>>> print(open('structure-v9.txt').read())   # compact mmCIF, C-alpha atoms
# COMPACT_ATOMS: atom_id res chain seq x y z
CA MET A 1 -16.88 18.80 -4.07
CA THR A 2 -14.20 16.69 -2.43
CA TYR A 3 -14.69 12.96 -2.13
CA VAL A 4 -12.86 9.79 -1.13
CA VAL A 5 -11.84 7.71 -4.17
CA ASP A 6 -13.36 4.22 -4.03
CA PHE A 7 -10.99 1.63 -5.50
CA GLU A 8 -13.46 -1.23 -5.20
CA ASN A 9 -16.20 0.46 -7.25
CA VAL A 10 -14.26 2.60 -9.71
CA SER A 11 -16.10 5.79 -10.63
CA THR A 12 -15.45 8.27 -13.42
CA VAL A 13 -16.96 11.16 -11.41
CA GLY A 14 -14.98 14.36 -11.99
CA LEU A 15 -13.10 12.91 -14.97
CA GLU A 16 -15.90 12.70 -17.56
CA SER A 17 -14.30 15.14 -20.02
CA SER A 18 -11.19 12.97 -20.46
CA PRO A 19 -10.91 11.04 -23.75
CA VAL A 20 -9.51 8.12 -21.69
CA VAL A 21 -11.99 8.53 -18.82
CA ASP A 22 -12.16 4.85 -17.80
CA ALA A 23 -8.37 4.40 -17.80
CA LEU A 24 -7.86 7.67 -15.88
CA ALA A 25 -10.49 6.60 -13.31
CA GLY A 26 -8.65 3.29 -12.96
CA LEU A 27 -5.34 5.11 -12.50
CA ARG A 28 -6.87 7.31 -9.80
CA ALA A 29 -8.35 4.23 -8.09
CA ASN A 30 -4.97 2.48 -8.29
CA GLU A 31 -3.38 5.36 -6.37
CA ALA A 32 -6.22 5.29 -3.80
CA ARG A 33 -5.69 1.55 -3.23
CA TYR A 34 -1.95 2.06 -2.72
CA TYR A 35 -2.44 4.73 -0.03
CA ARG A 36 -5.17 2.76 1.73
CA ASN A 37 -3.06 -0.42 1.82
CA LYS A 38 0.32 1.15 2.67
CA TYR A 39 -0.68 4.02 4.98
CA ASP A 40 -4.38 3.42 5.81
CA HIS A 41 -5.00 6.83 4.23
CA ALA A 42 -8.27 7.74 2.50
CA PHE A 43 -7.31 9.23 -0.89
CA THR A 44 -9.54 12.29 -1.18
CA VAL A 45 -9.65 14.45 -4.32
CA GLY A 46 -11.25 17.77 -5.12
CA SER A 47 -12.07 19.62 -8.32
CA ALA A 48 -9.49 21.81 -10.04
CA GLU A 49 -11.28 24.89 -8.71
CA GLU A 50 -11.17 23.61 -5.11
CA GLU A 51 -7.56 22.45 -5.33
CA ARG A 52 -6.11 25.43 -7.24
CA GLU A 53 -3.22 25.83 -4.76
CA ALA A 54 -2.10 22.21 -5.20
CA ILE A 55 -2.26 22.51 -9.00
CA GLU A 56 -0.26 25.74 -8.94
CA ARG A 57 2.35 24.11 -6.66
CA VAL A 58 2.85 21.23 -9.11
CA ALA A 59 2.97 23.64 -12.08
CA ARG A 60 5.61 25.76 -10.32
CA ILE A 61 7.81 22.74 -9.54
CA LEU A 62 7.56 21.45 -13.13
CA GLU A 63 8.38 24.88 -14.57
CA GLU A 64 11.27 25.66 -12.22
CA GLU A 65 12.84 22.20 -12.23
CA ARG A 66 12.51 21.25 -15.91
CA GLY A 67 10.83 24.10 -17.80
CA ILE A 68 7.71 21.95 -18.30
CA VAL A 69 4.28 23.48 -18.80
CA ILE A 70 1.44 20.95 -19.04
CA ALA A 71 -0.88 21.77 -21.92
CA SER A 72 -3.87 19.75 -20.71
CA PRO A 73 -6.27 21.27 -18.19
CA ALA A 74 -6.30 19.85 -14.66
CA LEU A 75 -9.52 18.12 -13.61
CA GLU A 76 -8.81 17.11 -10.01
CA ALA A 77 -6.09 17.28 -7.39
CA THR A 78 -5.22 16.34 -3.83
CA ASP A 79 -2.58 17.44 -1.34
CA PHE A 80 -1.90 15.58 1.92
CA VAL A 81 0.83 14.56 4.35
CA VAL A 82 1.36 10.91 5.23
CA ASP A 83 4.30 9.40 7.14
CA GLY A 84 6.29 12.66 6.95
CA ILE A 85 5.84 12.96 3.18
CA ARG A 86 3.81 15.67 1.49
CA MET A 87 2.07 14.16 -1.52
CA THR A 88 0.40 16.26 -4.19
CA TYR A 89 -1.45 14.68 -7.11
CA VAL A 90 -2.97 16.34 -10.16
CA PHE A 91 -5.15 14.44 -12.65
CA TYR A 92 -5.32 16.02 -16.11
CA GLU A 93 -7.97 15.79 -18.83
CA SER A 94 -5.49 14.14 -21.23
CA GLY A 95 -5.15 11.11 -18.92
CA LEU A 96 -1.92 12.29 -17.31
CA SER A 97 -1.37 12.03 -13.56
CA ILE A 98 1.47 13.93 -11.91
CA ASN A 99 2.47 13.47 -8.30
CA VAL A 100 5.01 15.33 -6.21
CA MET A 101 6.54 13.38 -3.34
CA TYR A 102 8.25 15.79 -0.97
CA THR A 103 9.72 14.41 2.25
CA LEU A 104 9.44 17.11 4.91
CA ALA A 105 12.60 16.11 6.78
CA GLU A 106 15.92 17.51 5.52
CA GLY A 107 17.72 15.17 3.13
CA GLY A 108 14.58 13.13 2.41
CA LYS A 109 13.43 11.91 -0.98
CA ARG A 110 11.81 14.46 -3.25
CA ALA A 111 10.62 13.58 -6.73
CA VAL A 112 8.01 14.15 -9.41
CA GLY A 113 6.20 11.10 -10.77
CA LEU A 114 4.56 11.11 -14.21
CA LYS A 115 1.95 8.50 -15.13
CA LEU A 116 0.12 8.06 -18.42
CA SER A 117 -3.27 6.34 -18.56
CA GLU A 118 -3.73 3.43 -20.94
CA GLY A 119 -4.58 4.69 -24.44
CA MET A 120 -2.96 8.08 -23.92
CA GLU A 121 -0.18 9.38 -26.17
CA VAL A 122 2.92 10.90 -24.57
CA PRO A 123 2.33 14.66 -24.46
CA GLU A 124 4.82 16.77 -26.42
CA GLU A 125 5.96 18.54 -23.22
CA LEU A 126 7.02 15.14 -21.76
CA SER A 127 8.61 13.68 -24.90
CA ALA A 128 12.12 13.82 -23.37
CA PHE A 129 11.16 11.21 -20.75
CA LYS A 130 11.36 7.44 -21.11
CA PHE A 131 8.32 5.67 -19.70
CA ALA A 132 8.35 2.22 -18.13
CA ARG A 133 5.26 0.01 -18.31
CA GLN A 134 3.44 -1.36 -15.29
CA LYS A 135 0.32 -3.57 -15.21
CA SER A 136 -2.55 -2.68 -12.91
CA ARG A 137 -5.76 -4.61 -12.31
CA LEU A 138 -7.60 -1.28 -11.97
CA ALA A 139 -5.88 0.78 -14.66
CA GLY A 140 -4.65 -1.66 -17.31
CA THR A 141 -1.17 -0.69 -18.50
CA ILE A 142 0.25 2.39 -16.82
CA ARG A 143 3.35 4.05 -18.23
CA GLY A 144 5.42 5.96 -15.72
CA SER A 145 8.55 8.05 -15.31
CA PHE A 146 9.99 10.40 -12.69
CA PHE A 147 12.67 12.94 -11.93
CA VAL A 148 14.33 14.04 -8.70
CA ILE A 149 13.53 17.50 -7.31
CA LYS A 150 16.66 19.54 -6.67
CA GLY A 151 15.13 22.80 -5.35
CA GLU A 152 13.38 23.68 -2.12
CA TYR A 153 9.61 24.04 -2.25
>>> encode(input="structure-v9.txt", output="structure tokens")
Amino acid sequence: MTYVVDFENVSTVGLESSPVVDALAGLRANEARYYRNKYDHAFTVGSAEEEREAIERVARILEEERGIVIASPALEATDFVVDGIRMTYVFYESGLSINVMYTLAEGGKRAVGLKLSEGMEVPEELSAFKFARQKSRLAGTIRGSFFVIKGEY
């Protein structure tokens, strides 16, 4: 069941199995607020079953670019194009959120963003990354990192 994420009334729907469910819901709402404010885009997510293609796309990019395989199961994902940028998000049970920003025009920015929900430990598969802290009214303290995509996807 796909639905638009409400950042004014944060819901844990679809994320209940996460040990950091409230923080992950806040992180998801934080992303929804960003896209509504910057692009007037409704951030719509679907279950892992519904968004299998998006999850596989992110997994392929992680594996091919850095040899990373995420151990935690995916709970939800979304894939959309806004302002010439294809954005794919996957929210994992562990509290991890991964987004792929892929500018469609040649020579555009292409990167993978990694965000950890408050209360979540850094997963072993991401231990090589340094995470910066960011405060969010909706998500508490978010830790984030990124890497540039070199390949074509």
>>> closest_residue(input="structure-v9.txt", among="A:Leu96, A:Ala23, A:Val122, A:Val4", to="Tyr35 in chain A", atoms="all atoms listed in the file")
A:Val4
>>> residues_around(input="structure-v9.txt", residues="range 107-121 of chain A", least_positions_apart="5", cutoff="6 Å", atoms="only C-alpha atoms", output="short mmCIF file (atom, residue, chain, number, x, y, z; two decimals) with C-alpha atoms, keeping the file's coordinate frame")
data_model
loop_
_atom_site.label_atom_id
_atom_site.label_comp_id
_atom_site.auth_asym_id
_atom_site.auth_seq_id
_atom_site.Cartn_x
_atom_site.Cartn_y
_atom_site.Cartn_z
CA ALA A 23 -8.37 4.40 -17.80
CA LEU A 24 -7.86 7.67 -15.88
CA GLY A 95 -5.15 11.11 -18.92
CA LEU A 96 -1.92 12.29 -17.31
CA SER A 97 -1.37 12.03 -13.56
CA ILE A 98 1.47 13.93 -11.91
CA ASN A 99 2.47 13.47 -8.30
CA VAL A 100 5.01 15.33 -6.21
CA MET A 101 6.54 13.38 -3.34
CA TYR A 102 8.25 15.79 -0.97
CA THR A 141 -1.17 -0.69 -18.50
CA ILE A 142 0.25 2.39 -16.82
CA ARG A 143 3.35 4.05 -18.23
CA GLY A 144 5.42 5.96 -15.72
CA SER A 145 8.55 8.05 -15.31
CA PHE A 146 9.99 10.40 -12.69
CA PHE A 147 12.67 12.94 -11.93
CA VAL A 148 14.33 14.04 -8.70
CA ILE A 149 13.53 17.50 -7.31
#
>>> residues_around(input="structure-v9.txt", residues="Glu124 in chain A", least_positions_apart="5", cutoff="12 Å", atoms="only C-alpha atoms", output="mmCIF file with C-alpha atoms, keeping the file's coordinate frame")
data_model
loop_
_atom_site.group_PDB
_atom_site.id
_atom_site.type_symbol
_atom_site.label_atom_id
_atom_site.label_comp_id
_atom_site.auth_asym_id
_atom_site.auth_seq_id
_atom_site.Cartn_x
_atom_site.Cartn_y
_atom_site.Cartn_z
ATOM 1 C CA ILE A 68 7.710 21.950 -18.300
ATOM 2 C CA VAL A 69 4.280 23.480 -18.800
ATOM 3 C CA ILE A 70 1.440 20.950 -19.040
ATOM 4 C CA ALA A 71 -0.880 21.770 -21.920
ATOM 5 C CA SER A 72 -3.870 19.750 -20.710
ATOM 6 C CA SER A 94 -5.490 14.140 -21.230
ATOM 7 C CA PHE A 129 11.160 11.210 -20.750
#
>>> residues_around(input="structure-v9.txt", residues="range 26-33 of chain A", least_positions_apart="6", cutoff="6 Å", atoms="all atoms listed in the file", output="MDAnalysis selection string")
chainID A and resid 7 43 138:139
>>> closest_residue(input="structure-v9.txt", among="A:Ala42, A:Ala74, A:Val81, A:Ala59", to="Ser18 in chain A", atoms="all atoms listed in the file")
A:Ala74
>>> closest_residue(input="structure-v9.txt", among="A:Asn9, A:Arg66, A:Asp22, A:Asp83", to="Tyr39 in chain A", atoms="only C-alpha atoms")
A:Asp83
>>> axis_aligned_box(input="structure-v9.txt", around="range 46-50 of chain A", padding_each_side="6 Å", output="lines of an AutoDock Vina configuration file")
center_x = -10.8
center_y = 21.3
center_z = -7.6
size_x = 14.6
size_y = 19.1
size_z = 16.9
>>> closest_residue(input="structure-v9.txt", among="A:Ile55, A:Ala77, A:Leu15, A:Val45", to="Thr2 in chain A", atoms="only C-alpha atoms")
A:Val45
>>> atom_distance(input="structure-v9.txt", atom1="CA of Ser127 in chain A", atom2="CA of Tyr92 in chain A")
16.6 Å
>>> residues_around(input="structure-v9.txt", residues="Leu104 in chain A", least_positions_apart="4", cutoff="7 Å", atoms="all atoms listed in the file", output="PyMOL selection string")
chain A and resi 84-86+108
>>> decode(input="structure-v9.txt", residues="range 22-49 of chain A", atoms="N, CA, C and O atoms", output="tab-separated table (two decimals), in the first residue's frame")
chain	number	residue	atom	x	y	z
A	22	ASP	N	10.38	5.10	16.14
A	22	ASP	CA	10.01	6.51	16.22
A	22	ASP	C	11.04	7.40	15.52
A	22	ASP	O	10.69	8.33	14.80
A	23	ALA	N	12.32	7.10	15.72
A	23	ALA	CA	13.38	7.87	15.07
A	23	ALA	C	13.36	7.67	13.56
A	23	ALA	O	13.55	8.63	12.79
A	24	LEU	N	13.12	6.44	13.11
A	24	LEU	CA	13.06	6.16	11.67
A	24	LEU	C	11.85	6.86	11.05
A	24	LEU	O	11.95	7.42	9.95
A	25	ALA	N	10.72	6.87	11.74
A	25	ALA	CA	9.54	7.59	11.25
A	25	ALA	C	9.83	9.08	11.17
A	25	ALA	O	9.41	9.75	10.20
A	26	GLY	N	10.56	9.61	12.14
A	26	GLY	CA	10.95	11.02	12.10
A	26	GLY	C	11.89	11.31	10.95
A	26	GLY	O	11.78	12.35	10.29
A	27	LEU	N	12.82	10.40	10.69
A	27	LEU	CA	13.75	10.56	9.56
A	27	LEU	C	12.98	10.56	8.24
A	27	LEU	O	13.22	11.40	7.37
A	28	ARG	N	12.05	9.64	8.09
A	28	ARG	CA	11.22	9.58	6.88
A	28	ARG	C	10.41	10.87	6.72
A	28	ARG	O	10.32	11.44	5.63
A	29	ALA	N	9.83	11.35	7.81
A	29	ALA	CA	9.06	12.60	7.78
A	29	ALA	C	9.94	13.80	7.44
A	29	ALA	O	9.52	14.72	6.73
A	30	ASN	N	11.17	13.79	7.94
A	30	ASN	CA	12.13	14.86	7.64
A	30	ASN	C	12.39	14.93	6.14
A	30	ASN	O	12.44	16.03	5.56
A	31	GLU	N	12.55	13.78	5.51
A	31	GLU	CA	12.76	13.74	4.05
A	31	GLU	C	11.52	14.24	3.33
A	31	GLU	O	11.61	15.00	2.35
A	32	ALA	N	10.34	13.84	3.79
A	32	ALA	CA	9.08	14.28	3.18
A	32	ALA	C	8.94	15.81	3.25
A	32	ALA	O	8.53	16.45	2.27
A	33	ARG	N	9.28	16.38	4.39
A	33	ARG	CA	9.20	17.84	4.55
A	33	ARG	C	10.15	18.53	3.59
A	33	ARG	O	9.79	19.53	2.95
A	34	TYR	N	11.36	18.02	3.44
A	34	TYR	CA	12.33	18.62	2.53
A	34	TYR	C	11.79	18.66	1.10
A	34	TYR	O	11.84	19.70	0.44
A	35	TYR	N	11.25	17.56	0.61
A	35	TYR	CA	10.76	17.51	-0.77
A	35	TYR	C	9.50	18.35	-0.97
A	35	TYR	O	9.30	18.91	-2.04
A	36	ARG	N	8.67	18.44	0.05
A	36	ARG	CA	7.48	19.30	-0.05
A	36	ARG	C	7.91	20.77	-0.12
A	36	ARG	O	7.44	21.52	-0.96
A	37	ASN	N	8.83	21.17	0.76
A	37	ASN	CA	9.25	22.57	0.81
A	37	ASN	C	10.10	22.99	-0.38
A	37	ASN	O	9.93	24.08	-0.90
A	38	LYS	N	11.01	22.15	-0.82
A	38	LYS	CA	11.93	22.52	-1.91
A	38	LYS	C	11.32	22.34	-3.30
A	38	LYS	O	11.52	23.17	-4.17
A	39	TYR	N	10.56	21.26	-3.50
A	39	TYR	CA	10.07	20.93	-4.84
A	39	TYR	C	8.54	20.84	-4.95
A	39	TYR	O	8.03	20.52	-6.02
A	40	ASP	N	7.83	21.05	-3.85
A	40	ASP	CA	6.38	20.87	-3.81
A	40	ASP	C	6.01	19.46	-4.27
A	40	ASP	O	5.05	19.26	-5.01
A	41	HIS	N	6.80	18.49	-3.83
A	41	HIS	CA	6.62	17.08	-4.20
A	41	HIS	C	6.06	16.31	-3.00
A	41	HIS	O	6.57	16.43	-1.89
A	42	ALA	N	5.04	15.51	-3.23
A	42	ALA	CA	4.49	14.65	-2.19
A	42	ALA	C	5.33	13.38	-2.10
A	42	ALA	O	5.37	12.60	-3.04
A	43	PHE	N	6.01	13.19	-0.99
A	43	PHE	CA	6.90	12.05	-0.76
A	43	PHE	C	6.05	10.82	-0.47
A	43	PHE	O	5.47	10.68	0.60
A	44	THR	N	5.96	9.93	-1.45
A	44	THR	CA	5.11	8.76	-1.37
A	44	THR	C	5.97	7.51	-1.28
A	44	THR	O	6.87	7.33	-2.09
A	45	VAL	N	5.71	6.66	-0.29
A	45	VAL	CA	6.47	5.43	-0.11
A	45	VAL	C	5.56	4.21	-0.28
A	45	VAL	O	4.35	4.31	-0.12
A	46	GLY	N	6.20	3.10	-0.59
A	46	GLY	CA	5.48	1.84	-0.70
A	46	GLY	C	6.24	0.77	0.07
A	46	GLY	O	7.41	0.95	0.43
A	47	SER	N	5.59	-0.34	0.31
A	47	SER	CA	6.23	-1.44	1.04
A	47	SER	C	7.38	-2.03	0.22
A	47	SER	O	7.48	-1.80	-0.99
A	48	ALA	N	8.21	-2.80	0.91
A	48	ALA	CA	9.35	-3.43	0.23
A	48	ALA	C	8.88	-4.32	-0.91
A	48	ALA	O	9.52	-4.38	-1.96
A	49	GLU	N	7.77	-4.99	-0.73
A	49	GLU	CA	7.24	-5.86	-1.78
A	49	GLU	C	6.82	-5.04	-3.01
A	49	GLU	O	7.07	-5.44	-4.14
